[in-house]
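Structure file upload.txt (compact mmCIF, C-alpha atoms) is printed below.
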```
# COMPACT_ATOMS: atom_id res chain seq x y z
CA MET A 21 124.60 47.52 50.48
CA MET A 22 126.36 45.37 53.07
CA GLU A 23 127.35 41.73 52.87
CA VAL A 24 128.11 39.39 55.71
CA SER A 25 130.03 36.28 54.89
CA ALA A 26 129.80 33.17 57.01
CA SER A 27 133.57 33.06 57.47
CA SER A 28 133.87 36.44 59.20
CA THR A 29 133.59 36.56 62.97
CA VAL A 30 131.60 39.25 64.68
CA SER A 31 132.73 40.24 68.14
CA LEU A 32 131.49 42.98 70.39
CA ARG A 33 133.70 44.88 72.76
CA LYS A 34 132.86 44.57 76.42
CA PHE A 35 130.94 47.62 77.60
CA GLY A 36 130.58 48.28 81.31
CA CYS A 37 127.39 50.25 81.78
CA GLU A 38 124.40 49.76 84.03
CA GLN A 39 121.24 51.53 82.95
CA SER A 40 118.70 52.68 85.49
CA LEU A 41 121.20 52.31 88.33
CA LEU A 42 120.02 55.69 89.49
CA SER A 43 116.28 55.73 89.94
CA ARG A 44 115.71 58.89 87.97
CA PRO A 45 113.06 59.46 85.32
CA ASP A 46 115.53 60.60 82.68
CA GLY A 47 116.96 57.10 82.15
CA SER A 48 120.40 57.99 83.47
CA ALA A 49 123.19 55.50 83.11
CA SER A 50 126.06 54.92 85.49
CA PHE A 51 129.29 53.32 84.44
CA VAL A 52 130.50 50.36 86.44
CA GLN A 53 132.50 51.53 89.42
CA GLY A 54 135.76 50.17 90.68
CA VAL A 55 136.73 49.07 94.17
CA LYS A 56 137.80 52.60 95.19
CA GLU A 57 134.46 54.14 94.23
CA ARG A 58 132.48 51.37 95.94
CA SER A 59 134.54 51.84 99.09
CA GLN A 60 133.89 55.59 99.08
CA GLU A 61 130.19 54.97 98.49
CA GLU A 62 130.10 52.62 101.49
CA CYS A 63 131.86 55.22 103.69
CA LEU A 64 129.26 57.81 102.63
CA ARG A 65 126.36 55.45 103.27
CA GLN A 66 127.55 54.42 106.71
CA THR A 67 128.23 58.01 107.77
CA CYS A 68 124.81 59.20 106.60
CA GLU A 69 123.07 56.28 108.30
CA ALA A 70 124.93 56.99 111.56
CA SER A 71 123.75 60.60 111.65
CA LEU A 72 120.17 60.17 110.42
CA LEU A 73 117.41 59.34 112.90
CA LEU A 74 116.26 56.29 110.97
CA SER A 75 113.91 55.06 113.69
CA LEU A 76 111.53 57.95 112.94
CA HIS A 77 110.91 56.62 109.42
CA PRO A 78 111.33 52.82 109.56
CA ARG A 79 109.77 51.97 106.18
CA SER A 80 111.34 54.76 104.18
CA SER A 81 113.99 54.78 101.54
CA LEU A 82 116.43 57.56 100.73
CA THR A 83 118.35 58.02 97.51
CA LEU A 84 121.20 60.50 97.63
CA VAL A 85 122.73 61.37 94.27
CA LEU A 86 126.10 63.12 94.23
CA GLN A 87 127.58 64.07 90.90
CA VAL A 88 131.30 64.78 90.65
CA LEU A 89 131.89 67.67 88.27
CA HIS A 90 135.60 68.10 88.92
CA ASP A 91 138.07 66.24 91.11
CA ASP A 92 141.10 68.17 92.28
CA GLY A 93 141.72 66.12 95.39
CA SER A 94 139.97 65.47 98.71
CA LEU A 95 137.05 63.92 96.84
CA LEU A 96 135.70 61.79 99.70
CA SER A 97 135.60 64.72 102.13
CA CYS A 98 133.93 66.86 99.48
CA CYS A 99 131.29 64.18 98.96
CA LEU A 100 130.74 63.87 102.72
CA ASN A 101 130.21 67.62 102.99
CA ALA A 102 127.87 67.66 100.00
CA ALA A 103 125.88 64.76 101.45
CA CYS A 104 125.47 66.49 104.82
CA MET A 105 124.38 69.74 103.17
CA ALA A 106 121.86 67.81 101.02
CA LEU A 107 120.42 66.04 104.07
CA MET A 108 120.15 69.37 105.91
CA ASP A 109 118.51 71.04 102.93
CA ALA A 110 115.98 68.20 102.69
CA GLY A 111 115.08 68.77 106.33
CA LEU A 112 115.73 65.19 107.39
CA PRO A 113 116.01 64.61 111.15
CA MET A 114 119.61 64.02 112.18
CA SER A 115 121.23 63.31 115.54
CA CYS A 116 124.20 65.46 114.52
CA LEU A 117 125.74 67.05 111.47
CA PHE A 118 128.99 65.72 110.08
CA CYS A 119 131.74 67.00 107.87
CA GLY A 120 134.55 65.42 105.92
CA VAL A 121 138.16 66.52 106.28
CA THR A 122 141.08 65.07 104.34
CA CYS A 123 144.71 65.43 105.30
CA GLY A 124 147.90 64.05 103.87
CA ILE A 125 151.37 63.48 105.25
CA ASP A 126 154.06 64.48 102.78
CA SER A 127 157.50 62.89 102.46
CA GLU A 128 158.93 65.33 105.02
CA GLY A 129 156.29 64.43 107.63
CA GLN A 130 154.30 67.65 107.27
CA ILE A 131 150.51 67.43 107.57
CA VAL A 132 148.59 69.06 104.72
CA THR A 133 144.82 69.58 105.07
CA ASP A 134 142.59 69.56 102.00
CA PRO A 135 145.33 68.33 99.66
CA THR A 136 145.08 68.82 95.91
CA ALA A 137 145.28 65.85 93.55
CA ASP A 138 149.00 66.48 92.99
CA GLN A 139 149.62 66.69 96.75
CA GLU A 140 147.68 63.44 97.22
CA LYS A 141 149.94 61.66 94.72
CA GLU A 142 153.06 62.91 96.51
CA SER A 143 151.78 62.06 100.00
CA ARG A 144 153.04 58.96 101.76
CA ALA A 145 149.78 58.78 103.73
CA LEU A 146 146.28 60.10 103.06
CA MET A 147 143.48 60.17 105.63
CA THR A 148 139.86 61.25 105.44
CA PHE A 149 137.73 61.61 108.56
CA ALA A 150 134.04 62.27 109.08
CA ILE A 151 133.71 64.42 112.21
CA ASP A 152 130.44 64.93 114.10
CA SER A 153 129.26 68.41 115.06
CA LYS A 154 128.38 67.69 118.70
CA GLU A 155 131.48 66.20 120.25
CA ARG A 156 133.93 66.50 117.34
CA ARG A 157 134.44 62.75 117.46
CA VAL A 158 135.51 60.67 114.46
CA MET A 159 132.52 58.93 112.89
CA MET A 160 134.37 57.38 109.95
CA SER A 161 137.93 57.14 108.73
CA SER A 162 139.45 56.14 105.44
CA THR A 163 143.23 55.81 105.27
CA LYS A 164 145.80 55.01 102.63
CA GLY A 165 149.54 54.68 103.00
CA SER A 166 151.88 54.15 105.93
CA PHE A 167 151.90 56.20 109.13
CA SER A 168 152.56 55.80 112.83
CA VAL A 169 150.00 55.88 115.63
CA HIS A 170 151.37 59.28 116.69
CA GLU A 171 150.92 60.66 113.16
CA LEU A 172 147.36 59.30 113.09
CA GLN A 173 146.58 61.07 116.36
CA GLN A 174 148.12 64.30 115.05
CA CYS A 175 146.04 64.08 111.86
CA ILE A 176 142.83 63.49 113.84
CA ALA A 177 143.57 66.56 115.98
CA VAL A 178 144.31 68.70 112.91
CA CYS A 179 141.12 67.51 111.18
CA GLN A 180 139.03 68.16 114.30
CA ARG A 181 140.31 71.75 114.36
CA ALA A 182 139.64 72.12 110.63
CA SER A 183 136.10 70.82 111.09
CA GLU A 184 135.23 73.96 113.07
CA LYS A 185 135.66 76.04 109.92
CA ILE A 186 133.48 73.65 107.91
CA PHE A 187 130.70 73.72 110.51
CA GLN A 188 130.91 77.52 110.50
CA PHE A 189 130.52 77.39 106.71
CA TYR A 190 127.40 75.23 107.21
CA ARG A 191 125.94 77.79 109.64
CA ASP A 192 126.72 80.70 107.31
CA SER A 193 125.23 78.89 104.29
CA VAL A 194 122.02 77.98 106.10
CA SER A 195 121.57 81.49 107.51
CA ARG A 196 122.12 83.04 104.06
CA ARG A 197 119.66 80.63 102.46
CA TYR A 198 116.88 81.15 104.96
CA SER A 199 117.41 84.87 105.46
CA LYS A 200 116.56 85.34 101.75
CA SER A 201 113.41 83.25 101.94
CA LEU A 202 111.90 85.04 104.96
```

Represent the structure of the file as structure tokens.
Amino acid sequence: MMEVSASSTVSLRKFGCEQSLLSRPDGSASFVQGVKERSQEECLRQTCEASLLLSLHPRSSLTLVLQVLHDDGSLLSCCLNAACMALMDAGLPMSCLFCGVTCGIDSEGQIVTDPTADQEKESRALMTFAIDSKERRVMMSSTKGSFSVHELQQCIAVCQRASEKIFQFYRDSVSRRYSKSL
């Protein structure tokens, strides 16, 4: 048996949860995101919108759900790559493919591509670029830290070269997937 006296105060802790944020039938919940997560989400949205041929489906809506299972660094570039692969797999018309590449500049000025979480913490600058598959131009950039214009140009060049390997991975993955289904 439980008694509640009029003199005791009942207070609830603040709980940051939004139910049905994801339009899924299982009633998923998503915890309130911070500024960093919202910024990454906006970078993903803008990059996807820039590559999709939206004029072909003017009254359509697209929901892309990415679930982070483990984060060991380069999270935004990983999400960009996962988003592009999901759009390809869905067969949506795109003007070009894109990939995400992250690089960091360590304290000695060395450029590190695909840095781990520990390397990200030790970096004085961290940059993520979305690169298109046609012209290898930068579609989106997200930067953190201090760097010179010359270092920015060096990082873009390094990431453009690294994007070739990612696009080759895309080609290999698609050919493996569809060679099994034929």

So that I can check the surroundings of Cys175 (chain A), please list as number ranges by chain every protein, DNA and RNA residue that reaches within 9 Å of it, counting only C-alpha atoms and ignoring chain neighbours fewer than 5 positions away. A: 123-125, 131, 133, 147, 170, 180

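One finds CA of Arg157 (chain A) at 16.7 Å from CA of Gln188 (chain A).
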
Using all atoms listed in the file, which of A:Thr122, A:Thr83, A:Gln139, A:Ser127 sits nearest Ala110 (chain A)?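 Once distances to Ala110 (chain A) are computed over all atoms listed in the file, the minimum belongs to A:Thr83.
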
May I have the residues within 8 Å of region 165-168 of chain A as a PyMOL selection string, using all atoms listed in the file and disregarding those fewer than 6 positions away in the same chain? chain A and resi 144-146

Between CA of Cys116 (chain A) and CA of Thr136 (chain A), what is the distance in Å, rounded to a tenth? 28.2 Å

So which residues touch Leu74 (chain A) within 9 Å, counting all atoms listed in the file, skipping near sequence neighbours fewer than 4 positions away, as a short mmCIF file (atom, residue, chain, number, x, y, z; two decimals) with C-alpha atoms, in the frame of the given file?
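Saved result, out.cif, follows:
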```cif
data_model
loop_
_atom_site.label_atom_id
_atom_site.label_comp_id
_atom_site.auth_asym_id
_atom_site.auth_seq_id
_atom_site.Cartn_x
_atom_site.Cartn_y
_atom_site.Cartn_z
CA GLU A 69 123.07 56.28 108.30
CA ALA A 70 124.93 56.99 111.56
CA PRO A 78 111.33 52.82 109.56
CA SER A 80 111.34 54.76 104.18
CA PRO A 113 116.01 64.61 111.15
CA MET A 114 119.61 64.02 112.18
#
```

For CA of Leu73 (chain A) and CA of Gln60 (chain A), quote the distance in Å rounded to one decimal. 21.8 Å

Need to verify the contact set: Asn101 (chain A), 12 Å, all atoms listed in the file, exclusion of same-chain residues closer than 4 positions in sequence. Can you return it as a ChimeraX atom specification? /A:64,67-68,86,94-97,105-108,117-122,148-152,183,186-187,189-190

Kindly export the residues of the current selection with C-alpha atoms, as a short mmCIF file (atom, residue, chain, number, x, y, z; two decimals), keeping the file's coordinate frame.
```
data_model
loop_
_atom_site.label_atom_id
_atom_site.label_comp_id
_atom_site.auth_asym_id
_atom_site.auth_seq_id
_atom_site.Cartn_x
_atom_site.Cartn_y
_atom_site.Cartn_z
CA LEU A 64 129.26 57.81 102.63
CA THR A 67 128.23 58.01 107.77
CA CYS A 68 124.81 59.20 106.60
CA LEU A 86 126.10 63.12 94.23
CA SER A 94 139.97 65.47 98.71
CA LEU A 95 137.05 63.92 96.84
CA LEU A 96 135.70 61.79 99.70
CA SER A 97 135.60 64.72 102.13
CA MET A 105 124.38 69.74 103.17
CA ALA A 106 121.86 67.81 101.02
CA LEU A 107 120.42 66.04 104.07
CA MET A 108 120.15 69.37 105.91
CA LEU A 117 125.74 67.05 111.47
CA PHE A 118 128.99 65.72 110.08
CA CYS A 119 131.74 67.00 107.87
CA GLY A 120 134.55 65.42 105.92
CA VAL A 121 138.16 66.52 106.28
CA THR A 122 141.08 65.07 104.34
CA THR A 148 139.86 61.25 105.44
CA PHE A 149 137.73 61.61 108.56
CA ALA A 150 134.04 62.27 109.08
CA ILE A 151 133.71 64.42 112.21
CA ASP A 152 130.44 64.93 114.10
CA SER A 183 136.10 70.82 111.09
CA ILE A 186 133.48 73.65 107.91
CA PHE A 187 130.70 73.72 110.51
CA PHE A 189 130.52 77.39 106.71
CA TYR A 190 127.40 75.23 107.21
#
```

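Compared by their closest atoms to Asp138 (chain A), and using all atoms listed in the file, the residues A:Leu76, A:Thr163, A:Asp126, A:Ser81 rank with A:Asp126 nearest.
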
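Using all atoms listed in the file, the shortest contact distance between Arg156 (chain A) and any of A:Asp192, A:Asp92, A:Glu62, A:Glu184 is found at A:Glu184.
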